[in-house]
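Chemist: Below you'll find the structure I mean.
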Amino acid sequence: VLALALTTMTVQAQQEEHSNANVRLGQKALLDGDFKSAVTYLEKALPAEEKDPSVLYLLGYSQFQSGDFLKASNTFGKVIALAPTNANAYYYKAKANNTLAITPSSTMTDAKRLELLQSAIADYTKAISINKTDAKLYQNRAIAYRDLGIIRSTEGGNTYNKVAATEAYNKAIKDVNPFYLTEEYLEKIFECKIIKENCDVLVVVGIGGSFLGAKAAIDALNGIVKKSACEIVYLGN
């Protein structure tokens, strides 16, 4: 995605040189991979270029690549307001919000994380309505649904909702399936069936809590999918 975006912007820059010097400097910095400098130059180009969706897109992209996901989300929101059929703007806005939702923070509430994930899913859905053949849109929406399922299935939180969690996981699977039903994927499903039918205990190992996603998914399916005789044990620190 990064290489494609840079290639596209390189061609655009070659075809037409912007009249604003700060935009030109921002384009050069971006193409050089110096995203923080690109942000500095492109911000200087505002407010003169605040109605130009192409300049705002470059700014949002540079902010995203610099790791400033909150500003990137806000900037891509402005791009969408000016160019509502720009599927890539919806994509990056959604990706920025999804990243914010899962980033550890002592101040962000579960309700806010839920809001960000729902916003990301809505933006991916809008992008899909514009470009139905772009696999990455479905794949990233699946990730957002998965993250939503994890939050919804975390007991003790004020966003816990087992039914909503199961629905989110099912939607994630539906988004992934069209692109991952390869021979390798089917082999993994068969391996899971073998484990379920022939093992007494399955140990899920994770470091730093990385087993929690698997636990959340399995817990959410309890009572919905027939329980296996194979006991699942979680091991982590």
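Just so we're on the same page: first chain in the structure tokens is A, next is B, and so on; residues restart at 1 for each chain, and ligands are numbered from 1 in the order they show up.
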Kindly provide the residues of region 50-149 of chain A that approach region 18-38 of chain A to within 7 Å, each paired with its closest atom pair and their distance in Å to one decimal, based on only C-alpha atoms, listed by chain and increasing number, as CSV.
Modeler:
```
residue,atom,partner,partner_atom,distance
A:Ser62,CA,A:Phe35,CA,5.0
A:Gln65,CA,A:Phe35,CA,6.4
A:Ser66,CA,A:Phe35,CA,5.8
```
Chemist: Can you tell me how far CA of Ile143 (chain A) sits from CA of Leu58 (chain A), in Å to one decimal?
Modeler: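 Computed distance, CA of Ile143 (chain A) to CA of Leu58 (chain A), equals 25.0 Å.
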Chemist: Show me, as a list in words, the residues that have an atom within 8 Å of Ala120 (chain A) when counting only C-alpha atoms, minus same-chain residues fewer than 4 positions from it.
Modeler: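 Near neighbours after the sequence-gap exclusion: Lys93, Ala94, Lys95, Asn97, Asn98, Leu116, Tyr124, Arg141 and Ala144 of chain A.
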Chemist: Calculated over only C-alpha atoms, which of the candidates A:Leu82, A:Asp175, A:Ile232, A:Glu49 has the smallest distance to Phe211 (chain A)?
Modeler: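 Smallest distance to Phe211 (chain A) is found for A:Ile232.
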Chemist: Name the residues of region 1-127 of chain A that come out as helix (DSSP H, G or I) in a backbone DSSP run; write them as a PyMOL selection string.
Modeler: chain A and resi 2-15+21-31+35-44+53-65+69-82+87-102+110-127
Chemist: Quick check, in Å to one decimal: how far apart do CA of Gly156 (chain A) and CA of Val203 (chain A) lie?
Modeler: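 Between CA of Gly156 (chain A) and CA of Val203 (chain A) the gap works out to 24.4 Å.
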Chemist: Residues at most 12 Å from region 46-48 of chain A, counting only C-alpha atoms, excluding those fewer than 2 positions away in the same chain, as number ranges by chain?
Modeler: A: 19-23, 26, 39-44, 50-53, 55-56, 59, 75
Chemist: With distances taken over only C-alpha atoms, which of A:Val201, A:Ala142, A:Ile218, A:Leu117 is nearest to Lys162 (chain A)?
Modeler: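 Looking only at the distances to Lys162 (chain A), the closest residue turns out to be A:Ile218.
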Chemist: I want to know what sits within 8 Å of Ser73 (chain A), based on only C-alpha atoms, with residues of the same chain fewer than 3 positions away left out; could you give that as a list of chain:residue names?
Modeler: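 Neighbouring residues, sequence-local ones excluded: A:Gly60, A:Phe69, A:Leu70, A:Phe76, A:Gly77, A:Tyr92, A:Lys93, A:Ala94, A:Ala96, A:Asn97.
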Chemist: Smallest atom-to-atom distance to Gly213 (chain A): which of A:Thr159, A:Asn140, A:Asn170, A:Thr154, using only C-alpha atoms?
Modeler: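 Closest residue, counting only C-alpha atoms: A:Thr154.
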